[in-house]
$ cat query32.pdb   # PDB, C-alpha atoms and all ligand atoms
ATOM      1  CA  MET W   9     -57.642  13.826  12.913
ATOM      2  CA  PRO W  10     -56.181  17.322  13.509
ATOM      3  CA  GLY W  11     -54.938  19.137  10.430
ATOM      4  CA  VAL W  12     -57.145  17.275   7.959
ATOM      5  CA  ASP W  13     -60.585  18.713   8.615
ATOM      6  CA  VAL W  14     -62.006  20.347   5.480
ATOM      7  CA  SER W  15     -64.102  22.699   7.633
ATOM      8  CA  GLU W  16     -60.824  24.415   8.564
ATOM      9  CA  ARG W  17     -60.887  26.159   5.182
ATOM     10  CA  PRO W  18     -64.023  28.314   5.351
ATOM     11  CA  CYS W  19     -62.871  30.696   2.595
ATOM     12  CA  LEU W  20     -62.324  27.945   0.087
ATOM     13  CA  ARG W  21     -63.829  28.874  -3.296
ATOM     14  CA  GLU W  22     -64.561  26.810  -6.342
ATOM     15  CA  THR W  23     -62.470  27.871  -9.353
ATOM     16  CA  PRO W  24     -64.710  28.324 -12.402
ATOM     17  CA  THR W  25     -63.797  26.263 -15.455
ATOM     18  CA  ALA W  26     -65.195  26.267 -19.002
ATOM     19  CA  ILE W  27     -65.746  22.498 -18.878
ATOM     20  CA  ASP W  28     -69.274  21.387 -18.134
ATOM     21  CA  GLY W  29     -69.360  19.145 -15.054
ATOM     22  CA  PHE W  30     -65.667  19.614 -14.243
ATOM     23  CA  ARG W  31     -65.496  21.237 -10.807
ATOM     24  CA  LEU W  32     -62.174  22.469  -9.469
ATOM     25  CA  TRP W  33     -61.072  23.692  -6.074
ATOM     26  CA  LYS W  34     -57.510  25.042  -6.220
ATOM     27  CA  SER W  35     -55.549  24.625  -2.972
ATOM     28  CA  ALA W  36     -58.491  22.906  -1.273
ATOM     29  CA  LEU W  37     -55.978  21.357   1.109
ATOM     30  CA  SER W  38     -53.608  23.631   3.028
ATOM     31  CA  PRO W  39     -49.916  22.681   3.179
ATOM     32  CA  ASP W  40     -50.518  21.204   6.666
ATOM     33  CA  GLN W  41     -53.466  19.187   5.372
ATOM     34  CA  GLN W  42     -51.389  17.987   2.418
ATOM     35  CA  ARG W  43     -48.646  16.802   4.778
ATOM     36  CA  ALA W  44     -51.196  15.042   7.007
ATOM     37  CA  LEU W  45     -52.820  13.324   4.029
ATOM     38  CA  LEU W  46     -49.412  12.318   2.670
ATOM     39  CA  ALA W  47     -48.621  10.687   6.042
ATOM     40  CA  GLU W  48     -51.870   8.706   5.808
ATOM     41  CA  VAL W  49     -51.061   7.645   2.269
ATOM     42  CA  GLU W  50     -47.585   6.555   3.358
ATOM     43  CA  ALA W  51     -49.106   4.450   6.158
ATOM     44  CA  GLY W  52     -51.423   2.811   3.619
ATOM     45  CA  ILE W  53     -48.686   2.055   1.115
ATOM     46  CA  ALA W  54     -46.639   0.360   3.835
ATOM     47  CA  ALA W  55     -49.381  -2.322   3.783
ATOM     48  CA  ALA W  56     -50.285  -2.044   0.082
ATOM     49  CA  PRO W  57     -47.095  -1.133  -1.798
ATOM     50  CA  PHE W  58     -47.094   0.576  -5.178
ATOM     51  CA  TYR W  59     -46.760  -1.856  -8.052
ATOM     52  CA  ARG W  60     -46.534  -1.344 -11.799
ATOM     53  CA  PRO W  61     -49.635  -2.626 -13.593
ATOM     54  CA  THR W  62     -49.607  -3.713 -17.225
ATOM     55  CA  THR W  63     -52.149  -3.042 -19.929
ATOM     56  CA  PRO W  64     -54.227  -5.977 -21.170
ATOM     57  CA  GLY W  65     -51.742  -6.033 -24.083
ATOM     58  CA  GLY W  66     -48.862  -6.519 -21.621
ATOM     59  CA  ARG W  67     -47.323  -3.029 -21.718
ATOM     60  CA  PRO W  68     -46.217  -1.673 -18.343
ATOM     61  CA  PHE W  69     -47.803   1.594 -17.182
ATOM     62  CA  SER W  70     -45.309   4.389 -16.458
ATOM     63  CA  VAL W  71     -47.476   5.226 -13.424
ATOM     64  CA  ARG W  72     -47.227   2.978 -10.372
ATOM     65  CA  MET W  73     -50.466   2.240  -8.533
ATOM     66  CA  THR W  74     -52.097   0.959  -5.401
ATOM     67  CA  ASN W  75     -55.601   1.352  -3.930
ATOM     68  CA  PHE W  76     -57.463   2.046  -0.714
ATOM     69  CA  GLY W  77     -61.001   0.997   0.145
ATOM     70  CA  PRO W  78     -63.199  -2.064  -0.378
ATOM     71  CA  LEU W  79     -62.361  -2.251  -4.100
ATOM     72  CA  GLY W  80     -59.289  -1.384  -6.123
ATOM     73  CA  TRP W  81     -58.848  -0.784  -9.841
ATOM     74  CA  VAL W  82     -56.324  -3.167 -11.381
ATOM     75  CA  SER W  83     -55.091  -3.919 -14.893
ATOM     76  CA  ASP W  84     -53.219  -6.944 -16.189
ATOM     77  CA  ARG W  85     -53.350  -9.488 -19.026
ATOM     78  CA  ALA W  86     -56.871 -10.425 -17.903
ATOM     79  CA  GLY W  87     -58.132  -6.852 -18.410
ATOM     80  CA  TYR W  88     -59.290  -3.878 -16.332
ATOM     81  CA  ARG W  89     -61.415  -4.553 -13.266
ATOM     82  CA  TYR W  90     -62.126  -3.758  -9.628
ATOM     83  CA  GLN W  91     -61.081  -6.342  -7.072
ATOM     84  CA  PRO W  92     -60.951  -6.469  -3.251
ATOM     85  CA  HIS W  93     -57.302  -7.457  -2.843
ATOM     86  CA  HIS W  94     -53.815  -6.242  -3.761
ATOM     87  CA  PRO W  95     -52.503  -8.285  -6.697
ATOM     88  CA  GLY W  96     -49.049  -8.627  -5.147
ATOM     89  CA  THR W  97     -49.763  -9.302  -1.486
ATOM     90  CA  GLY W  98     -53.240 -10.840  -1.846
ATOM     91  CA  GLU W  99     -54.334  -8.723   1.154
ATOM     92  CA  PRO W 100     -57.415  -6.471   1.262
ATOM     93  CA  TRP W 101     -56.688  -2.849   0.362
ATOM     94  CA  PRO W 102     -56.196  -0.478   3.351
ATOM     95  CA  ALA W 103     -59.085   1.779   4.410
ATOM     96  CA  ILE W 104     -59.733   5.062   2.607
ATOM     97  CA  PRO W 105     -58.339   7.911   4.779
ATOM     98  CA  PRO W 106     -61.286   9.631   6.525
ATOM     99  CA  VAL W 107     -60.380  13.072   5.189
ATOM    100  CA  LEU W 108     -60.980  11.795   1.660
ATOM    101  CA  LEU W 109     -64.455  10.537   2.614
ATOM    102  CA  GLN W 110     -65.165  13.953   4.092
ATOM    103  CA  LEU W 111     -63.991  15.654   0.900
ATOM    104  CA  TRP W 112     -66.213  13.354  -1.197
ATOM    105  CA  ASP W 113     -69.259  14.359   0.829
ATOM    106  CA  ALA W 114     -68.435  18.056   0.754
ATOM    107  CA  ALA W 115     -67.495  18.274  -2.924
ATOM    108  CA  THR W 116     -69.902  15.836  -4.579
ATOM    109  CA  GLY W 117     -72.925  15.604  -2.284
ATOM    110  CA  TRP W 118     -73.316  12.031  -3.592
ATOM    111  CA  LEU W 119     -75.126  10.048  -0.902
ATOM    112  CA  GLU W 120     -73.309   6.750  -1.339
ATOM    113  CA  PRO W 121     -69.691   6.877  -0.164
ATOM    114  CA  PRO W 122     -66.878   5.963  -2.555
ATOM    115  CA  ASP W 123     -65.966   2.272  -2.488
ATOM    116  CA  ALA W 124     -62.665   2.662  -4.359
ATOM    117  CA  CYS W 125     -59.649   4.971  -4.124
ATOM    118  CA  LEU W 126     -56.996   4.553  -6.804
ATOM    119  CA  VAL W 127     -53.593   5.923  -5.812
ATOM    120  CA  ASN W 128     -51.374   6.857  -8.762
ATOM    121  CA  LEU W 129     -47.662   7.607  -8.308
ATOM    122  CA  TYR W 130     -45.963   9.596 -11.044
ATOM    123  CA  GLU W 131     -42.201   9.395 -10.851
ATOM    124  CA  ALA W 132     -39.891  11.178 -13.315
ATOM    125  CA  GLY W 133     -41.193  10.803 -16.854
ATOM    126  CA  ALA W 134     -44.476   9.104 -15.947
ATOM    127  CA  ARG W 135     -47.611  10.094 -17.843
ATOM    128  CA  MET W 136     -51.110   8.826 -18.518
ATOM    129  CA  GLY W 137     -52.543   8.744 -22.018
ATOM    130  CA  LEU W 138     -55.989  10.089 -22.893
ATOM    131  CA  HIS W 139     -58.699   7.674 -21.740
ATOM    132  CA  GLN W 140     -62.182   7.441 -20.291
ATOM    133  CA  ASP W 141     -63.004   5.955 -16.899
ATOM    134  CA  ARG W 142     -65.774   3.487 -17.586
ATOM    135  CA  ASP W 143     -65.103   0.432 -15.453
ATOM    136  CA  GLU W 144     -67.625   1.559 -12.827
ATOM    137  CA  ALA W 145     -71.124   0.104 -12.596
ATOM    138  CA  ASP W 146     -73.015   3.404 -12.403
ATOM    139  CA  LEU W 147     -71.410   6.057 -14.592
ATOM    140  CA  ARG W 148     -73.729   8.691 -13.143
ATOM    141  CA  ALA W 149     -71.774   8.595  -9.888
ATOM    142  CA  PRO W 150     -69.090  11.298  -9.758
ATOM    143  CA  ALA W 151     -65.343  10.831  -9.356
ATOM    144  CA  LEU W 152     -63.208  12.980  -7.087
ATOM    145  CA  SER W 153     -59.473  13.581  -7.518
ATOM    146  CA  VAL W 154     -56.896  14.967  -5.082
ATOM    147  CA  SER W 155     -53.395  15.908  -6.249
ATOM    148  CA  LEU W 156     -50.275  15.941  -4.057
ATOM    149  CA  GLY W 157     -46.651  16.760  -4.858
ATOM    150  CA  ASP W 158     -45.338  17.974  -8.193
ATOM    151  CA  ALA W 159     -47.747  19.775 -10.505
ATOM    152  CA  ALA W 160     -48.994  18.066 -13.647
ATOM    153  CA  VAL W 161     -50.328  19.144 -17.028
ATOM    154  CA  PHE W 162     -53.811  17.619 -17.146
ATOM    155  CA  ARG W 163     -55.739  17.406 -20.410
ATOM    156  CA  ILE W 164     -59.500  16.978 -20.718
ATOM    157  CA  GLY W 165     -61.895  16.901 -23.652
ATOM    158  CA  PRO W 166     -65.352  15.695 -24.660
ATOM    159  CA  ALA W 167     -66.373  12.022 -24.484
ATOM    160  CA  GLU W 168     -66.915  11.977 -28.264
ATOM    161  CA  GLY W 169     -63.383  13.231 -28.930
ATOM    162  CA  GLY W 170     -62.373  16.581 -30.403
ATOM    163  CA  ARG W 171     -60.849  19.634 -28.804
ATOM    164  CA  THR W 172     -59.112  19.204 -25.456
ATOM    165  CA  THR W 173     -58.228  21.763 -22.771
ATOM    166  CA  SER W 174     -55.039  21.685 -20.698
ATOM    167  CA  LEU W 175     -54.790  22.819 -17.156
ATOM    168  CA  ARG W 176     -52.336  22.482 -14.333
ATOM    169  CA  LEU W 177     -53.191  20.309 -11.342
ATOM    170  CA  GLU W 178     -51.116  21.320  -8.341
ATOM    171  CA  SER W 179     -50.549  19.941  -4.864
ATOM    172  CA  GLY W 180     -53.686  20.363  -2.746
ATOM    173  CA  ASP W 181     -56.027  20.802  -5.716
ATOM    174  CA  VAL W 182     -59.285  18.845  -5.681
ATOM    175  CA  CYS W 183     -61.518  18.229  -8.687
ATOM    176  CA  ALA W 184     -64.895  16.557  -9.085
ATOM    177  CA  LEU W 185     -65.932  14.932 -12.330
ATOM    178  CA  THR W 186     -69.695  15.106 -12.513
ATOM    179  CA  SER W 187     -72.423  14.806 -15.174
ATOM    180  CA  ALA W 188     -70.982  15.379 -18.684
ATOM    181  CA  ALA W 189     -67.395  15.438 -17.425
ATOM    182  CA  ARG W 190     -67.697  11.994 -15.883
ATOM    183  CA  LEU W 191     -67.160  10.399 -19.295
ATOM    184  CA  ALA W 192     -64.693  13.013 -20.514
ATOM    185  CA  ARG W 193     -61.490  11.903 -22.186
ATOM    186  CA  HIS W 194     -58.600  12.905 -19.960
ATOM    187  CA  GLY W 195     -54.961  12.225 -19.202
ATOM    188  CA  ILE W 196     -51.727  13.534 -17.733
ATOM    189  CA  ASP W 197     -49.293  14.851 -20.362
ATOM    190  CA  ARG W 198     -46.390  15.487 -18.006
ATOM    191  CA  VAL W 199     -45.327  16.143 -14.461
ATOM    192  CA  LEU W 200     -43.355  19.286 -13.679
ATOM    193  CA  ALA W 201     -40.376  17.960 -11.723
ATOM    194  CA  GLY W 202     -39.246  20.206  -8.880
ATOM    195  CA  SER W 203     -42.518  22.179  -8.680
ATOM    196  CA  SER W 204     -43.379  21.026  -5.140
ATOM    197  CA  SER W 205     -41.354  20.246  -2.043
ATOM    198  CA  LEU W 206     -44.112  18.144  -0.438
ATOM    199  CA  MET W 207     -42.562  14.806  -1.302
ATOM    200  CA  ALA W 208     -38.900  14.228  -0.500
ATOM    201  CA  GLY W 209     -37.334  13.189  -3.791
ATOM    202  CA  GLY W 210     -40.188  14.677  -5.812
ATOM    203  CA  GLY W 211     -42.942  12.989  -7.760
ATOM    204  CA  ARG W 212     -46.700  13.328  -7.901
ATOM    205  CA  LEU W 213     -49.494  11.429  -6.181
ATOM    206  CA  ASN W 214     -53.081  11.432  -7.358
ATOM    207  CA  LEU W 215     -55.897   9.905  -5.334
ATOM    208  CA  THR W 216     -59.107   9.235  -7.244
ATOM    209  CA  LEU W 217     -62.257   8.283  -5.367
ATOM    210  CA  ARG W 218     -64.966   6.441  -7.250
ATOM    211  CA  ARG W 219     -68.085   4.410  -6.775
ATOM    212  CA  ALA W 220     -67.153   1.109  -8.504
ATOM    213  CA  ARG W 221     -70.328  -0.833  -7.683
ATOM    214  CA  CYS W 222     -73.929   0.299  -7.391
TER
HETATM  215  C1  LIG M 301     -62.069  12.924 -15.686
HETATM  216  N1  LIG M 301     -55.935   9.897 -13.154
HETATM  217  O1  LIG M 301     -56.700   7.371 -12.531
HETATM  218  S1  LIG M 301     -57.078  12.667 -12.031
HETATM  219  C2  LIG M 301     -57.238   7.896 -13.516
HETATM  220  O2  LIG M 301     -53.937  12.566 -12.309
HETATM  221  C3  LIG M 301     -56.810   9.242 -13.927
HETATM  222  O3  LIG M 301     -53.678  10.467 -12.019
HETATM  223  C4  LIG M 301     -55.352  11.148 -13.503
HETATM  224  O4  LIG M 301     -57.256   9.708 -14.913
HETATM  225  C5  LIG M 301     -54.254  11.426 -12.530
HETATM  226  O5  LIG M 301     -58.134   7.369 -14.174
HETATM  227  C6  LIG M 301     -56.338  12.264 -13.564
HETATM  228  C7  LIG M 301     -58.434  13.651 -12.546
HETATM  229  C8  LIG M 301     -59.567  12.815 -13.051
HETATM  230  C9  LIG M 301     -59.967  11.690 -12.361
HETATM  231  C10 LIG M 301     -61.062  10.973 -12.792
HETATM  232  C11 LIG M 301     -61.774  11.366 -13.897
HETATM  233  C12 LIG M 301     -60.236  13.214 -14.160
HETATM  234  C13 LIG M 301     -61.352  12.497 -14.594
HETATM  235  C14 LIG M 301     -62.922  10.683 -14.314
HETATM  236  C15 LIG M 301     -63.622  11.139 -15.396
HETATM  237  C16 LIG M 301     -63.202  12.249 -16.086
HETATM  238 FE    FE M 302     -58.972   8.545 -15.569
END
$ encode --input "query32.pdb" --output "structure tokens"
Amino acid sequence: MPGVDVSERPCLRETPTAIDGFRLWKSALSPDQQRALLAEVEAGIAAAPFYRPTTPGGRPFSVRMTNFGPLGWVSDRAGYRYQPHHPGTGEPWPAIPPVLLQLWDAATGWLEPPDACLVNLYEAGARMGLHQDRDEADLRAPALSVSLGDAAVFRIGPAEGGRTTSLRLESGDVCALTSAARLARHGIDRVLAGSSSLMAGGGRLNLTLRRARC
């Protein structure tokens, strides 16, 4: 698809971070690429609308979610899990946009493709508390995150707990969570409303690619 080929950005450089295994590419997607990816996400959500999951304890998330790919991460009274269908419509999740598969290959080098893409929508006031991602079968496989829309204050710290580091994730930024960072504690403290004009009406989208099954 024109406008969403990662090879169009030959001068792209990795931004060094002090966090072992946390790899960051600021502005990996150009504004045109961000708009093209947003259009693909919008086409997907027409078939798999955002819904508001609840924690196993029954508390609603402030983030709304949907998924693309063979498996989607869901949470409800029965717990956290990956499943092949949308909990509201019962339909299979839409395909992962090809540009995201291309980014996975380029950024992670992991031979198996991702089988899950969680799509998080942060509207005004939404946040995500510190947590670890450990619902995947092989925790050695990396995760890859793409941010679109309003910037967010992201916090990350060691798996064992202790000191955390805050950094801003902005529209078009891509990060890979590899090795030690794969089990890092992380969350979104807040979204900076009005920081991006990508999405009419504001808000932030995060797409996280993972390998749910071996
Ligand atoms: C660090 N999402 O969906 S993306 C999540 O911006 C999640 O919506 C946040 O944490 C968001 O689980 C953060 C960056 C990210 C993604 C996956 C990770 C950081 C990670 C996996 C392990 C460690
Ligand atoms: Fe997470």
$ residues_near_ligand --input "query32.pdb" --ligand "ligand LIG 301 (chain M)" --cutoff "7 Å" --atoms "all atoms listed in the file" --output "ChimeraX atom specification"
/W:126,128,136,140-141,151-153,155,162,164,183,185,189-196,214,216
$ closest_residue --input "query32.pdb" --among "W:Glu144, W:Asp84, W:Glu131, W:Glu120" --to "ligand FE 302 (chain M)" --atoms "only C-alpha atoms and all ligand atoms"
W:Glu144
$ residues_around --input "query32.pdb" --residues "Ser187 in chain W" --least-positions-apart "5" --cutoff "9 Å" --atoms "only C-alpha atoms" --output "ChimeraX atom specification"
/W:28-30,147-150
$ atom_distance --input "query32.pdb" --atom1 "CA of Pro64 in chain W" --atom2 "CA of Gly87 in chain W"
4.9 Å
$ atom_distance --input "query32.pdb" --atom1 "CA of Ala159 in chain W" --atom2 "CA of Arg31 in chain W"
17.8 Å
$ closest_residue --input "query32.pdb" --among "W:Ser203, W:Gln110, W:Ser35, W:Thr116" --to "Ala160 in chain W" --atoms "all atoms listed in the file"
W:Ser203
$ resolve_selection --input "query32.pdb" --expression "the PyMOL selection byres (((chain W and resi 54) around 12) and not hetatm)" --output "JSON, numbers by chain"
{"W": [47, 48, 49, 50, 51, 52, 53, 55, 56, 57, 58, 74, 75, 76, 97, 101, 102]}
$ closest_residue --input "query32.pdb" --among "W:Gly117, W:Pro39, W:Gly137, W:Gly169" --to "ligand FE 302 (chain M)" --atoms "all atoms listed in the file"
W:Gly137
$ resolve_selection --input "query32.pdb" --expression "the PyMOL selection byres (((chain W and resi 83) around 8) and not hetatm)" --output "list in words"
Pro61, Thr62, Thr63, Pro64, Trp81, Val82, Asp84, Arg85, Ala86, Gly87, Tyr88 and Arg89 of chain W
$ atom_distance --input "query32.pdb" --atom1 "CA of Val182 in chain W" --atom2 "CA of Val107 in chain W"
12.4 Å
$ closest_residue --input "query32.pdb" --among "W:Gly157, W:Arg171, W:Gly202, W:His139" --to "ligand FE 302 (chain M)" --atoms "all atoms listed in the file"
W:His139
$ resolve_selection --input "query32.pdb" --expression "the PyMOL selection byres (((chain W and resi 218) around 6) and not hetatm)" --output "number ranges by chain"
W: 122, 124, 151, 217, 219-220
$ closest_residue --input "query32.pdb" --among "W:Val71, W:Leu138, W:Ala201, W:Leu206" --to "ligand FE 302 (chain M)" --atoms "all atoms listed in the file"
W:Leu138
$ closest_residue --input "query32.pdb" --among "W:Leu215, W:Cys19, W:Ala36, W:Leu109" --to "ligand FE 302 (chain M)" --atoms "all atoms listed in the file"
W:Leu215
$ build_atoms --input "query32.pdb" --residues "range 53-73 of chain W" --atoms "N, CA, C and O atoms" --output "mmCIF file, in the frame of the given file"
data_model
loop_
_atom_site.group_PDB
_atom_site.id
_atom_site.type_symbol
_atom_site.label_atom_id
_atom_site.label_comp_id
_atom_site.auth_asym_id
_atom_site.auth_seq_id
_atom_site.Cartn_x
_atom_site.Cartn_y
_atom_site.Cartn_z
ATOM 1 N N ILE W 53 -49.542 2.742 2.088
ATOM 2 C CA ILE W 53 -48.686 2.055 1.115
ATOM 3 C C ILE W 53 -47.684 1.136 1.796
ATOM 4 O O ILE W 53 -47.166 0.221 1.159
ATOM 5 N N ALA W 54 -47.479 1.322 3.114
ATOM 6 C CA ALA W 54 -46.639 0.360 3.835
ATOM 7 C C ALA W 54 -47.304 -1.022 3.800
ATOM 8 O O ALA W 54 -46.633 -2.051 3.717
ATOM 9 N N ALA W 55 -48.644 -1.051 3.836
ATOM 10 C CA ALA W 55 -49.381 -2.322 3.783
ATOM 11 C C ALA W 55 -49.715 -2.740 2.350
ATOM 12 O O ALA W 55 -49.850 -3.928 2.062
ATOM 13 N N ALA W 56 -49.877 -1.774 1.471
ATOM 14 C CA ALA W 56 -50.285 -2.044 0.082
ATOM 15 C C ALA W 56 -49.318 -1.308 -0.836
ATOM 16 O O ALA W 56 -49.603 -0.211 -1.310
ATOM 17 N N PRO W 57 -48.132 -1.873 -1.065
ATOM 18 C CA PRO W 57 -47.095 -1.133 -1.798
ATOM 19 C C PRO W 57 -47.487 -0.829 -3.240
ATOM 20 O O PRO W 57 -48.269 -1.557 -3.860
ATOM 21 N N PHE W 58 -46.908 0.259 -3.754
ATOM 22 C CA PHE W 58 -47.094 0.576 -5.178
ATOM 23 C C PHE W 58 -46.542 -0.564 -6.018
ATOM 24 O O PHE W 58 -45.492 -1.129 -5.714
ATOM 25 N N TYR W 59 -47.248 -0.866 -7.088
ATOM 26 C CA TYR W 59 -46.760 -1.856 -8.052
ATOM 27 C C TYR W 59 -46.998 -1.259 -9.434
ATOM 28 O O TYR W 59 -47.712 -0.260 -9.578
ATOM 29 N N ARG W 60 -46.390 -1.872 -10.440
ATOM 30 C CA ARG W 60 -46.534 -1.344 -11.799
ATOM 31 C C ARG W 60 -47.484 -2.254 -12.571
ATOM 32 O O ARG W 60 -47.127 -3.379 -12.900
ATOM 33 N N PRO W 61 -48.712 -1.780 -12.834
ATOM 34 C CA PRO W 61 -49.635 -2.626 -13.593
ATOM 35 C C PRO W 61 -49.219 -2.709 -15.058
ATOM 36 O O PRO W 61 -48.387 -1.923 -15.527
ATOM 37 N N THR W 62 -49.799 -3.629 -15.780
ATOM 38 C CA THR W 62 -49.607 -3.713 -17.225
ATOM 39 C C THR W 62 -50.962 -3.569 -17.901
ATOM 40 O O THR W 62 -52.002 -3.868 -17.315
ATOM 41 N N THR W 63 -50.917 -3.107 -19.127
ATOM 42 C CA THR W 63 -52.149 -3.042 -19.929
ATOM 43 C C THR W 63 -52.565 -4.478 -20.283
ATOM 44 O O THR W 63 -51.749 -5.399 -20.190
ATOM 45 N N PRO W 64 -53.812 -4.639 -20.729
ATOM 46 C CA PRO W 64 -54.227 -5.977 -21.170
ATOM 47 C C PRO W 64 -53.308 -6.519 -22.274
ATOM 48 O O PRO W 64 -53.118 -7.728 -22.385
ATOM 49 N N GLY W 65 -52.692 -5.615 -23.047
ATOM 50 C CA GLY W 65 -51.742 -6.033 -24.083
ATOM 51 C C GLY W 65 -50.352 -6.365 -23.552
ATOM 52 O O GLY W 65 -49.478 -6.759 -24.313
ATOM 53 N N GLY W 66 -50.136 -6.151 -22.233
ATOM 54 C CA GLY W 66 -48.862 -6.519 -21.621
ATOM 55 C C GLY W 66 -47.855 -5.392 -21.503
ATOM 56 O O GLY W 66 -46.730 -5.609 -21.050
ATOM 57 N N ARG W 67 -48.252 -4.166 -21.851
ATOM 58 C CA ARG W 67 -47.323 -3.029 -21.718
ATOM 59 C C ARG W 67 -47.357 -2.471 -20.302
ATOM 60 O O ARG W 67 -48.436 -2.224 -19.774
ATOM 61 N N PRO W 68 -46.201 -2.254 -19.693
ATOM 62 C CA PRO W 68 -46.217 -1.673 -18.343
ATOM 63 C C PRO W 68 -46.673 -0.219 -18.354
ATOM 64 O O PRO W 68 -46.308 0.538 -19.256
ATOM 65 N N PHE W 69 -47.466 0.180 -17.385
ATOM 66 C CA PHE W 69 -47.803 1.594 -17.182
ATOM 67 C C PHE W 69 -46.543 2.319 -16.694
ATOM 68 O O PHE W 69 -45.720 1.723 -15.991
ATOM 69 N N SER W 70 -46.411 3.610 -17.051
ATOM 70 C CA SER W 70 -45.309 4.389 -16.458
ATOM 71 C C SER W 70 -45.684 4.836 -15.050
ATOM 72 O O SER W 70 -44.821 5.131 -14.231
ATOM 73 N N VAL W 71 -46.976 4.873 -14.754
ATOM 74 C CA VAL W 71 -47.476 5.226 -13.424
ATOM 75 C C VAL W 71 -47.477 3.968 -12.557
ATOM 76 O O VAL W 71 -47.836 2.894 -13.034
ATOM 77 N N ARG W 72 -47.053 4.097 -11.315
ATOM 78 C CA ARG W 72 -47.227 2.978 -10.372
ATOM 79 C C ARG W 72 -48.516 3.215 -9.602
ATOM 80 O O ARG W 72 -48.978 4.345 -9.444
ATOM 81 N N MET W 73 -49.134 2.145 -9.133
ATOM 82 C CA MET W 73 -50.466 2.240 -8.533
ATOM 83 C C MET W 73 -50.609 1.375 -7.289
ATOM 84 O O MET W 73 -49.938 0.373 -7.120
#
